[in-house]
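Undergrad: One structure, pasted below without further comment.
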Amino acid sequence: MERIPILRIGDILLVSIQVDLQDHIALALEEDLAQRIVDTGATGVLIDISALEIVDSFIGRMISTIASVSAVLDATTVVVGMRPAVAITLVELGLSLDGVSTALDVDRGLALLGGLRPVRGLEDVEEPDVAVVDPGS
Amino acid sequence: MSTSPAVLTQETHAITSDADVVRVRQSVRNLAVSAKLSLVDQTKLVTAASELARNTLVYGGGGQATVEVVTAGARRGVRAAFSDEGPGIPDVALALTDGWTSGTGLGLGLSGARRLVDEFELSTDPGAGTVVRVVKWTR
């Protein structure tokens, strides 16, 4: 059966949904994520839905369930990358995604979870490059 | 409806599995693009179609979807009809209430879908099945 891959980055599990979600794949993801949280001790779950063209009530419920189950397992869920048209439709549909944190993109989502520092651009001059590189590391 | 709109394109899909629900979504999306619905309107219509196709599968025991590009005067639109030969809906008013569900869902499928489209028509016959017809027009 087709499954959504779950990547681990430090204390965070990253899920990027790149397929048009069939209901049974969404259900499998709920179970897989819960298991991975327990197996890895992850404290954050980042779900990237930037490729999703729609979020209907079933997918919305999947997202809420993942957030609730993660919370019980001591992990925080952040959903990132929702398209504007999807956001408008969700609200009109009547879905509120209770208990789900959202961020505009993966970078901000990671910052919200605090597990990784967001990738900075060149404007980050406060920390100069380390001049001495330990060749042994 | 006074005059029935002319049909420009028509596609019919059987709905017997999860994968068919995805196929119906894609078909509605393609026709919505060809009818030049705005991105938000495409998204609303595809979302409504997803809810209705799932209802056909889960509550109707399967059925079919007919998706059409239609035109009425200067307006173009996409019409989608979902039909099943399932048990029907005994209390339509109740089924259209937000939050009411006969199954395990959120109870937003039917009522939510109605809010997302311009026209919504439901006919049901207890014991004989249900047909839901929706239309989204270009602005």
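Convention: chains lettered A, B, ... in structure tokens order; per-chain residue numbering from 1; ligands numbered from 1 as shown.
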Can you tell me, as a list of chain:residue names, what residues are no more than 8 Å from range 106-120 of chain B when counting only C-alpha atoms, ignoring any on the same chain fewer than 6 positions away?
TA: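 Answer for this query is A:Ser57, A:Arg61, A:Thr89, A:Glu92, A:Leu93, A:Gly94, A:Leu95, B:Lys44, B:Leu45, B:Thr47, B:Ala48, B:Ala49, B:Glu51, B:Leu52, B:Asn55, B:Ala95, B:Leu96, B:Thr97, B:Asp98, B:Gly99, B:Trp100, B:Val132, B:Arg133, B:Val134, B:Val135, B:Lys136, B:Trp137.
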Undergrad: Which residues, written as a PyMOL selection string, have at least one atom at most 8 Å from range 26-32 of chain B, with only C-alpha atoms counted and residues fewer than 6 positions away on the same chain left out?
TA: chain B and resi 11+42-43+45-46+49+67-69+77-78+80
Undergrad: Considering only C-alpha atoms, extract the chain A residues located within 12 Å of chain B and return them as a CSV table (one decimal) with C-alpha atoms, in the first residue's frame.
TA:
chain,number,residue,atom,x,y,z
A,2,GLU,CA,1.2,3.5,-0.8
A,19,VAL,CA,0.0,13.1,-3.5
A,20,ASP,CA,-3.7,13.6,-4.0
A,21,LEU,CA,-4.7,12.0,-0.7
A,22,GLN,CA,-6.9,8.9,-0.8
A,23,ASP,CA,-8.8,8.4,2.5
A,24,HIS,CA,-7.1,5.1,3.4
A,25,ILE,CA,-3.6,6.7,2.9
A,26,ALA,CA,-4.6,9.5,5.3
A,27,LEU,CA,-5.7,7.0,7.9
A,52,LEU,CA,-2.5,19.8,-1.5
A,53,GLU,CA,-5.0,21.4,-3.9
A,54,ILE,CA,-7.9,20.8,-1.5
A,55,VAL,CA,-8.5,20.1,2.2
A,56,ASP,CA,-11.9,18.6,2.6
A,57,SER,CA,-13.6,17.5,5.9
A,58,PHE,CA,-11.9,14.1,5.8
A,59,ILE,CA,-8.4,15.5,5.4
A,60,GLY,CA,-9.2,18.3,7.9
A,61,ARG,CA,-10.2,15.6,10.4
A,62,MET,CA,-7.0,13.7,9.7
A,64,SER,CA,-7.0,17.5,13.7
A,65,THR,CA,-6.6,13.9,14.8
A,83,ARG,CA,-2.6,27.6,-0.1
A,84,PRO,CA,-4.7,30.7,0.2
A,85,ALA,CA,-7.6,29.2,-1.9
A,86,VAL,CA,-7.5,26.2,0.4
A,87,ALA,CA,-7.7,28.4,3.5
A,88,ILE,CA,-10.7,30.3,2.1
A,89,THR,CA,-12.5,27.1,1.3
A,90,LEU,CA,-11.8,25.5,4.7
A,91,VAL,CA,-13.3,28.4,6.5
A,92,GLU,CA,-16.4,28.4,4.3
A,93,LEU,CA,-16.7,24.7,4.6
A,94,GLY,CA,-16.9,25.2,8.4
A,95,LEU,CA,-13.7,23.5,9.4
A,96,SER,CA,-11.8,25.2,12.2
A,97,LEU,CA,-8.8,22.8,12.7
Undergrad: From chain B, collect each residue whose DSSP state is strand (DSSP E or B) and return the set as a VMD selection string.
TA: chain B and resid 6 to 15 63 to 72 75 to 84 119 to 125 129 to 137
Undergrad: Filtering to N, CA and C atoms, could you give me those residues as a compact mmCIF listing (two decimals), in the first residue's frame?
TA:
# COMPACT_ATOMS: atom_id res chain seq x y z
N ALA B 6 -26.96 24.57 -21.58
CA ALA B 6 -26.43 23.66 -22.59
C ALA B 6 -25.15 23.00 -22.09
N VAL B 7 -24.99 21.73 -22.43
CA VAL B 7 -23.83 20.97 -21.97
C VAL B 7 -22.74 20.99 -23.04
N LEU B 8 -21.53 21.42 -22.65
CA LEU B 8 -20.42 21.49 -23.60
C LEU B 8 -19.53 20.25 -23.54
N THR B 9 -19.26 19.79 -22.33
CA THR B 9 -18.39 18.62 -22.14
C THR B 9 -19.02 17.76 -21.05
N GLN B 10 -18.87 16.47 -21.16
CA GLN B 10 -19.42 15.61 -20.11
C GLN B 10 -18.49 14.43 -19.84
N GLU B 11 -18.28 14.16 -18.56
CA GLU B 11 -17.50 12.98 -18.16
C GLU B 11 -18.28 12.25 -17.09
N THR B 12 -18.24 10.92 -17.16
CA THR B 12 -18.92 10.13 -16.13
C THR B 12 -17.91 9.20 -15.47
N HIS B 13 -17.97 9.13 -14.16
CA HIS B 13 -17.04 8.27 -13.41
C HIS B 13 -17.81 7.42 -12.42
N ALA B 14 -17.48 6.15 -12.38
CA ALA B 14 -18.05 5.29 -11.34
C ALA B 14 -17.37 5.62 -10.02
N ILE B 15 -18.12 5.52 -8.93
CA ILE B 15 -17.54 5.75 -7.60
C ILE B 15 -17.70 4.47 -6.79
N GLY B 63 -21.73 4.56 -6.48
CA GLY B 63 -22.65 5.14 -7.46
C GLY B 63 -21.84 5.75 -8.56
N GLN B 64 -22.30 6.90 -9.06
CA GLN B 64 -21.51 7.53 -10.10
C GLN B 64 -21.59 9.05 -10.06
N ALA B 65 -20.59 9.65 -10.70
CA ALA B 65 -20.55 11.10 -10.80
C ALA B 65 -20.54 11.49 -12.27
N THR B 66 -21.35 12.49 -12.61
CA THR B 66 -21.33 13.04 -13.96
C THR B 66 -20.89 14.49 -13.84
N VAL B 67 -19.82 14.82 -14.53
CA VAL B 67 -19.25 16.18 -14.44
C VAL B 67 -19.37 16.83 -15.82
N GLU B 68 -19.89 18.06 -15.85
CA GLU B 68 -20.14 18.71 -17.13
C GLU B 68 -19.71 20.17 -17.11
N VAL B 69 -19.22 20.63 -18.25
CA VAL B 69 -19.09 22.07 -18.45
C VAL B 69 -20.39 22.52 -19.10
N VAL B 70 -21.04 23.51 -18.49
CA VAL B 70 -22.33 23.96 -19.01
C VAL B 70 -22.27 25.45 -19.32
N THR B 71 -23.20 25.89 -20.15
CA THR B 71 -23.25 27.30 -20.47
C THR B 71 -24.70 27.77 -20.47
N ALA B 72 -24.92 28.95 -19.92
CA ALA B 72 -26.26 29.53 -19.91
C ALA B 72 -26.09 31.01 -20.19
N ARG B 75 -22.80 33.01 -19.30
CA ARG B 75 -22.11 32.36 -18.18
C ARG B 75 -21.69 30.95 -18.52
N ARG B 76 -20.56 30.57 -17.97
CA ARG B 76 -20.08 29.23 -18.09
C ARG B 76 -19.99 28.66 -16.69
N GLY B 77 -20.15 27.38 -16.57
CA GLY B 77 -20.06 26.80 -15.24
C GLY B 77 -19.74 25.33 -15.30
N VAL B 78 -19.58 24.75 -14.15
CA VAL B 78 -19.35 23.31 -14.06
C VAL B 78 -20.45 22.72 -13.18
N ARG B 79 -21.08 21.69 -13.73
CA ARG B 79 -22.14 21.02 -12.99
C ARG B 79 -21.67 19.61 -12.67
N ALA B 80 -21.91 19.18 -11.45
CA ALA B 80 -21.54 17.82 -11.08
C ALA B 80 -22.72 17.16 -10.40
N ALA B 81 -23.04 15.95 -10.83
CA ALA B 81 -24.15 15.22 -10.24
C ALA B 81 -23.63 13.92 -9.64
N PHE B 82 -24.06 13.62 -8.45
CA PHE B 82 -23.62 12.42 -7.74
C PHE B 82 -24.85 11.58 -7.44
N SER B 83 -24.84 10.35 -7.95
CA SER B 83 -26.04 9.54 -7.74
C SER B 83 -25.68 8.18 -7.19
N ASP B 84 -26.54 7.69 -6.34
CA ASP B 84 -26.36 6.34 -5.81
C ASP B 84 -27.72 5.67 -5.71
N GLU B 119 -25.29 26.53 -6.92
CA GLU B 119 -26.59 25.86 -6.95
C GLU B 119 -26.45 24.49 -6.32
N PHE B 120 -27.45 24.11 -5.57
CA PHE B 120 -27.40 22.83 -4.86
C PHE B 120 -28.80 22.23 -4.89
N GLU B 121 -28.88 21.01 -5.36
CA GLU B 121 -30.18 20.37 -5.52
C GLU B 121 -30.06 18.93 -5.02
N LEU B 122 -30.93 18.55 -4.13
CA LEU B 122 -30.83 17.20 -3.58
C LEU B 122 -32.18 16.50 -3.76
N SER B 123 -32.16 15.34 -4.38
CA SER B 123 -33.40 14.57 -4.39
C SER B 123 -33.10 13.18 -3.87
N THR B 124 -33.94 12.73 -2.99
CA THR B 124 -33.68 11.44 -2.37
C THR B 124 -34.99 10.70 -2.18
N ASP B 125 -34.87 9.41 -2.27
CA ASP B 125 -36.03 8.56 -2.16
C ASP B 125 -35.65 7.44 -1.20
N GLY B 129 -32.43 5.65 -3.32
CA GLY B 129 -31.19 6.32 -3.65
C GLY B 129 -31.26 7.83 -3.55
N THR B 130 -30.14 8.45 -3.86
CA THR B 130 -29.98 9.89 -3.70
C THR B 130 -29.24 10.46 -4.90
N VAL B 131 -29.68 11.65 -5.33
CA VAL B 131 -28.94 12.39 -6.36
C VAL B 131 -28.69 13.80 -5.82
N VAL B 132 -27.44 14.23 -5.87
CA VAL B 132 -27.10 15.60 -5.49
C VAL B 132 -26.48 16.26 -6.71
N ARG B 133 -27.02 17.43 -7.07
CA ARG B 133 -26.52 18.15 -8.24
C ARG B 133 -26.02 19.52 -7.80
N VAL B 134 -24.81 19.86 -8.16
CA VAL B 134 -24.28 21.17 -7.79
C VAL B 134 -23.75 21.88 -9.04
N VAL B 135 -23.78 23.21 -9.00
CA VAL B 135 -23.23 24.01 -10.10
C VAL B 135 -22.41 25.15 -9.52
N LYS B 136 -21.28 25.41 -10.14
CA LYS B 136 -20.48 26.60 -9.82
C LYS B 136 -20.33 27.38 -11.12
N TRP B 137 -20.70 28.65 -11.08
CA TRP B 137 -20.65 29.51 -12.28
C TRP B 137 -19.44 30.42 -12.25
Undergrad: I'd like the interatomic distance between CA of Leu113 in chain A and CA of Arg3 in chain A, to a tenth of an Å.
TA: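 Calculated distance between CA of Leu113 in chain A and CA of Arg3 in chain A is 24.7 Å.
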Undergrad: Just asking: which residues within chain B are alpha helix (DSSP H) according to DSSP, as a PyMOL selection string?
TA: chain B and resi 18-34+39-58+92-95+109-116
Undergrad: CA of Lys36 in chain B and CA of Ile17 in chain A, how far apart in Å?
TA: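 Separating CA of Ile17 in chain A from CA of Lys36 in chain B is a distance of 26.8 Å.
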Undergrad: At what distance in Å, to one decimal, does CA of Asp107 in chain A lie from CA of Asp11 in chain A?
TA: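 Rounded to one decimal, the two atoms are 15.2 Å apart.
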